[in-house]
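Structure file work-v2.cif (mmCIF, C-alpha atoms) is printed below.
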data_structure
#
loop_
_atom_site.group_PDB
_atom_site.id
_atom_site.type_symbol
_atom_site.label_atom_id
_atom_site.label_comp_id
_atom_site.auth_asym_id
_atom_site.auth_seq_id
_atom_site.Cartn_x
_atom_site.Cartn_y
_atom_site.Cartn_z
ATOM 1 C CA MET A 917 0.000 0.000 0.000
ATOM 2 C CA SER A 918 2.756 2.441 0.926
ATOM 3 C CA GLU A 919 4.799 1.934 -2.240
ATOM 4 C CA VAL A 920 1.743 2.133 -4.472
ATOM 5 C CA PHE A 921 0.759 5.423 -2.849
ATOM 6 C CA HIS A 922 4.248 6.857 -3.405
ATOM 7 C CA LEU A 923 4.330 5.806 -7.057
ATOM 8 C CA ARG A 924 0.888 7.252 -7.720
ATOM 9 C CA LEU A 925 1.841 10.445 -5.946
ATOM 10 C CA LEU A 926 5.046 10.754 -7.976
ATOM 11 C CA ARG A 927 3.107 10.300 -11.213
ATOM 12 C CA LEU A 928 0.976 13.276 -10.183
ATOM 13 C CA ILE A 929 3.730 15.481 -8.800
ATOM 14 C CA ILE A 930 6.284 15.254 -11.607
ATOM 15 C CA PRO A 931 4.023 16.523 -14.435
ATOM 16 C CA GLY A 932 2.690 19.182 -12.078
ATOM 17 C CA ALA A 933 6.201 20.374 -11.294
ATOM 18 C CA VAL A 934 7.084 20.538 -14.982
ATOM 19 C CA ALA A 935 3.896 22.491 -15.754
ATOM 20 C CA ALA A 936 4.573 24.885 -12.863
ATOM 21 C CA ASN A 937 8.073 25.597 -14.153
ATOM 22 C CA VAL A 938 6.819 26.140 -17.699
ATOM 23 C CA GLY A 939 4.217 28.568 -16.370
ATOM 24 C CA PHE A 940 6.803 30.279 -14.189
ATOM 25 C CA PHE A 941 9.021 30.975 -17.200
ATOM 26 C CA ALA A 942 6.159 31.681 -19.620
ATOM 27 C CA GLY A 943 4.840 34.629 -17.602
ATOM 28 C CA PRO A 944 7.888 36.896 -17.940
ATOM 29 C CA THR A 945 8.331 35.791 -21.549
ATOM 30 C CA ILE A 946 4.779 36.795 -22.460
ATOM 31 C CA LYS A 947 5.069 40.026 -20.482
ATOM 32 C CA THR A 948 8.305 40.939 -22.266
ATOM 33 C CA TYR A 949 6.808 40.133 -25.668
ATOM 34 C CA VAL A 950 3.705 42.254 -24.951
ATOM 35 C CA ARG A 951 5.905 45.165 -23.845
ATOM 36 C CA TRP A 952 8.107 44.684 -26.913
ATOM 37 C CA LEU A 953 5.004 45.088 -29.072
ATOM 38 C CA GLY A 954 4.477 48.475 -27.412
ATOM 39 C CA TYR A 955 1.577 47.699 -25.090
ATOM 40 C CA ASN A 956 2.489 49.174 -21.711
ATOM 41 C CA LYS A 957 -0.760 48.736 -19.795
ATOM 42 C CA ALA A 958 -0.813 46.858 -16.483
ATOM 43 C CA TRP A 959 -3.833 44.604 -17.081
ATOM 44 C CA PRO A 960 -2.014 41.792 -18.989
ATOM 45 C CA ARG A 961 0.256 41.263 -15.970
ATOM 46 C CA TRP A 962 -2.701 41.132 -13.582
ATOM 47 C CA PHE A 963 -4.631 38.874 -15.940
ATOM 48 C CA MET A 964 -1.736 36.388 -16.087
ATOM 49 C CA PHE A 965 -1.380 36.515 -12.295
ATOM 50 C CA VAL A 966 -5.093 35.890 -11.640
ATOM 51 C CA ALA A 967 -5.344 33.196 -14.342
ATOM 52 C CA GLY A 968 -2.282 31.371 -12.991
ATOM 53 C CA THR A 969 -3.534 31.575 -9.415
ATOM 54 C CA LEU A 970 -6.987 30.270 -10.341
ATOM 55 C CA LEU A 971 -5.489 27.457 -12.416
ATOM 56 C CA SER A 972 -3.205 26.371 -9.569
ATOM 57 C CA MET A 973 -6.115 26.471 -7.097
ATOM 58 C CA TYR A 974 -8.256 24.359 -9.426
ATOM 59 C CA LEU A 975 -5.497 21.782 -9.910
ATOM 60 C CA ALA A 976 -4.798 21.587 -6.165
ATOM 61 C CA VAL A 977 -8.478 21.018 -5.364
ATOM 62 C CA ALA A 978 -8.779 18.444 -8.157
ATOM 63 C CA LEU A 979 -5.788 16.502 -6.799
ATOM 64 C CA LEU A 980 -7.228 16.588 -3.280
ATOM 65 C CA VAL A 981 -10.600 15.341 -4.492
ATOM 66 C CA MET A 982 -8.983 12.548 -6.508
ATOM 67 C CA ASP A 983 -6.927 11.501 -3.491
ATOM 68 C CA LEU A 984 -9.665 11.789 -0.864
ATOM 69 C CA PHE A 985 -12.431 10.193 -2.954
ATOM 70 C CA PRO A 986 -10.836 7.467 -5.097
ATOM 71 C CA ALA A 987 -12.921 5.800 -7.780
ATOM 72 C CA GLN A 988 -14.870 2.855 -6.464
ATOM 73 C CA PRO A 989 -14.324 -0.438 -8.343
#
Could you show the structure in this file as structure tokens?
Amino acid sequence: MSEVFHLRLLRLIIPGAVAANVGFFAGPTIKTYVRWLGYNKAWPRWFMFVAGTLLSMYLAVALLVMDLFPAQP
């Protein structure tokens, strides 16, 4: 039981960590590109912040639900 739990947890954590790092580096890249195009308003930065926060909250809740209420056979 213990080893199965760790393997399942690793299969969830590793893709999540990769996605978090991609998002972490995509934000400044998009912000720089938008500024390079000449758009100097503040709303794209806030939009990316709110969208990223909501996405991470959704994924965290989804993982908790999947772990707390496993599918019944």
inquiry  = Just to confirm, what's the straight-line distance from atom CA of Ala978 of chain A to atom CA of Trp962 of chain A in Å (one decimal)?
reply    =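 The value is 24.1 Å.
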inquiry  = So that I can check the surroundings of Leu979 of chain A, please list as a VMD selection string every protein, DNA and RNA residue that reaches within 12 Å of it, counting all atoms listed in the file and ignoring chain neighbours fewer than 3 positions away.
reply    = chain A and resid 924 to 925 927 to 929 932 972 to 976 982 to 986
Please write the residues from the selection above to a file, keeping C-alpha atoms, as an mmCIF file, in the coordinates of the input.
data_model
loop_
_atom_site.group_PDB
_atom_site.id
_atom_site.type_symbol
_atom_site.label_atom_id
_atom_site.label_comp_id
_atom_site.auth_asym_id
_atom_site.auth_seq_id
_atom_site.Cartn_x
_atom_site.Cartn_y
_atom_site.Cartn_z
ATOM 1 C CA ARG A 924 0.888 7.252 -7.720
ATOM 2 C CA LEU A 925 1.841 10.445 -5.946
ATOM 3 C CA ARG A 927 3.107 10.300 -11.213
ATOM 4 C CA LEU A 928 0.976 13.276 -10.183
ATOM 5 C CA ILE A 929 3.730 15.481 -8.800
ATOM 6 C CA GLY A 932 2.690 19.182 -12.078
ATOM 7 C CA SER A 972 -3.205 26.371 -9.569
ATOM 8 C CA MET A 973 -6.115 26.471 -7.097
ATOM 9 C CA TYR A 974 -8.256 24.359 -9.426
ATOM 10 C CA LEU A 975 -5.497 21.782 -9.910
ATOM 11 C CA ALA A 976 -4.798 21.587 -6.165
ATOM 12 C CA MET A 982 -8.983 12.548 -6.508
ATOM 13 C CA ASP A 983 -6.927 11.501 -3.491
ATOM 14 C CA LEU A 984 -9.665 11.789 -0.864
ATOM 15 C CA PHE A 985 -12.431 10.193 -2.954
ATOM 16 C CA PRO A 986 -10.836 7.467 -5.097
#
Atom-to-atom span, atom CA of Ala967 of chain A and atom CA of Gly943 of chain A, Å =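 About the pair atom CA of Ala967 of chain A and atom CA of Gly943 of chain A: they are 10.8 Å apart.
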May I have the centre and edge lengths, in Å to one decimal, of an axis-aligned box around the listed atoms of segment 969-977 of chain A with 8 Å added to every side, as JSON?
{"center_x": -5.8, "center_y": 26.3, "center_z": -8.9, "size_x": 21.3, "size_y": 26.6, "size_z": 23.1}
inquiry  = Report, in Å with one decimal, the straight-line distance from atom CA of Leu923 of chain A to atom CA of Ala936 of chain A.
reply    =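 Taking atom CA of Leu923 of chain A as the start and atom CA of Ala936 of chain A as the end point, the length is 19.9 Å.
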Block slice segment 934-964 of chain A, N, CA and C atoms, emitted as an mmCIF file, in the first residue's frame:
data_model
loop_
_atom_site.group_PDB
_atom_site.id
_atom_site.type_symbol
_atom_site.label_atom_id
_atom_site.label_comp_id
_atom_site.auth_asym_id
_atom_site.auth_seq_id
_atom_site.Cartn_x
_atom_site.Cartn_y
_atom_site.Cartn_z
ATOM 1 N N VAL A 934 6.660 20.083 -13.653
ATOM 2 C CA VAL A 934 7.084 20.538 -14.982
ATOM 3 C C VAL A 934 6.160 21.645 -15.480
ATOM 4 N N ALA A 935 4.855 21.468 -15.322
ATOM 5 C CA ALA A 935 3.896 22.491 -15.754
ATOM 6 C C ALA A 935 4.082 23.785 -14.967
ATOM 7 N N ALA A 936 4.354 23.686 -13.675
ATOM 8 C CA ALA A 936 4.573 24.885 -12.863
ATOM 9 C C ALA A 936 5.808 25.643 -13.335
ATOM 10 N N ASN A 937 6.865 24.935 -13.671
ATOM 11 C CA ASN A 937 8.073 25.597 -14.153
ATOM 12 C C ASN A 937 7.860 26.227 -15.525
ATOM 13 N N VAL A 938 7.120 25.558 -16.384
ATOM 14 C CA VAL A 938 6.819 26.140 -17.699
ATOM 15 C C VAL A 938 6.008 27.421 -17.515
ATOM 16 N N GLY A 939 5.008 27.369 -16.643
ATOM 17 C CA GLY A 939 4.217 28.568 -16.370
ATOM 18 C C GLY A 939 5.031 29.671 -15.732
ATOM 19 N N PHE A 940 5.949 29.299 -14.857
ATOM 20 C CA PHE A 940 6.803 30.279 -14.189
ATOM 21 C C PHE A 940 7.657 31.032 -15.199
ATOM 22 N N PHE A 941 8.181 30.323 -16.200
ATOM 23 C CA PHE A 941 9.021 30.975 -17.200
ATOM 24 C C PHE A 941 8.215 31.582 -18.338
ATOM 25 N N ALA A 942 6.984 31.129 -18.547
ATOM 26 C CA ALA A 942 6.159 31.681 -19.620
ATOM 27 C C ALA A 942 5.648 33.073 -19.274
ATOM 28 N N GLY A 943 5.364 33.323 -18.007
ATOM 29 C CA GLY A 943 4.840 34.629 -17.602
ATOM 30 C C GLY A 943 5.746 35.784 -17.986
ATOM 31 N N PRO A 944 6.998 35.796 -17.552
ATOM 32 C CA PRO A 944 7.888 36.896 -17.940
ATOM 33 C C PRO A 944 8.139 36.956 -19.449
ATOM 34 N N THR A 945 8.125 35.803 -20.102
ATOM 35 C CA THR A 945 8.331 35.791 -21.549
ATOM 36 C C THR A 945 7.169 36.487 -22.256
ATOM 37 N N ILE A 946 5.957 36.157 -21.866
ATOM 38 C CA ILE A 946 4.779 36.795 -22.460
ATOM 39 C C ILE A 946 4.749 38.281 -22.127
ATOM 40 N N LYS A 947 5.056 38.618 -20.894
ATOM 41 C CA LYS A 947 5.069 40.026 -20.482
ATOM 42 C C LYS A 947 6.092 40.816 -21.299
ATOM 43 N N THR A 948 7.268 40.273 -21.480
ATOM 44 C CA THR A 948 8.305 40.939 -22.266
ATOM 45 C C THR A 948 7.869 41.100 -23.719
ATOM 46 N N TYR A 949 7.254 40.069 -24.276
ATOM 47 C CA TYR A 949 6.808 40.133 -25.668
ATOM 48 C C TYR A 949 5.712 41.182 -25.830
ATOM 49 N N VAL A 950 4.774 41.256 -24.878
ATOM 50 C CA VAL A 950 3.705 42.254 -24.951
ATOM 51 C C VAL A 950 4.297 43.653 -24.844
ATOM 52 N N ARG A 951 5.250 43.851 -23.961
ATOM 53 C CA ARG A 951 5.905 45.165 -23.845
ATOM 54 C C ARG A 951 6.703 45.495 -25.104
ATOM 55 N N TRP A 952 7.321 44.486 -25.685
ATOM 56 C CA TRP A 952 8.107 44.684 -26.913
ATOM 57 C C TRP A 952 7.205 45.138 -28.061
ATOM 58 N N LEU A 953 5.959 44.664 -28.052
ATOM 59 C CA LEU A 953 5.004 45.088 -29.072
ATOM 60 C C LEU A 953 4.491 46.506 -28.832
ATOM 61 N N GLY A 954 4.832 47.098 -27.692
ATOM 62 C CA GLY A 954 4.477 48.475 -27.412
ATOM 63 C C GLY A 954 3.264 48.657 -26.531
ATOM 64 N N TYR A 955 2.753 47.603 -25.960
ATOM 65 C CA TYR A 955 1.577 47.699 -25.090
ATOM 66 C C TYR A 955 2.061 47.770 -23.653
ATOM 67 N N ASN A 956 1.932 48.945 -23.047
ATOM 68 C CA ASN A 956 2.489 49.174 -21.711
ATOM 69 C C ASN A 956 1.448 49.258 -20.613
ATOM 70 N N LYS A 957 0.274 48.721 -20.829
ATOM 71 C CA LYS A 957 -0.760 48.736 -19.795
ATOM 72 C C LYS A 957 -0.463 47.655 -18.752
ATOM 73 N N ALA A 958 -1.084 47.787 -17.582
ATOM 74 C CA ALA A 958 -0.813 46.858 -16.483
ATOM 75 C C ALA A 958 -1.739 45.643 -16.483
ATOM 76 N N TRP A 959 -2.863 45.686 -17.196
ATOM 77 C CA TRP A 959 -3.833 44.604 -17.081
ATOM 78 C C TRP A 959 -3.329 43.255 -17.583
ATOM 79 N N PRO A 960 -2.469 43.148 -18.615
ATOM 80 C CA PRO A 960 -2.014 41.792 -18.989
ATOM 81 C C PRO A 960 -1.264 41.094 -17.860
ATOM 82 N N ARG A 961 -0.485 41.848 -17.086
ATOM 83 C CA ARG A 961 0.256 41.263 -15.970
ATOM 84 C C ARG A 961 -0.705 40.754 -14.903
ATOM 85 N N TRP A 962 -1.727 41.554 -14.576
ATOM 86 C CA TRP A 962 -2.701 41.132 -13.582
ATOM 87 C C TRP A 962 -3.541 39.971 -14.081
ATOM 88 N N PHE A 963 -3.874 39.982 -15.360
ATOM 89 C CA PHE A 963 -4.631 38.874 -15.940
ATOM 90 C C PHE A 963 -3.852 37.570 -15.830
ATOM 91 N N MET A 964 -2.562 37.598 -16.177
ATOM 92 C CA MET A 964 -1.736 36.388 -16.087
ATOM 93 C C MET A 964 -1.610 35.929 -14.633
#
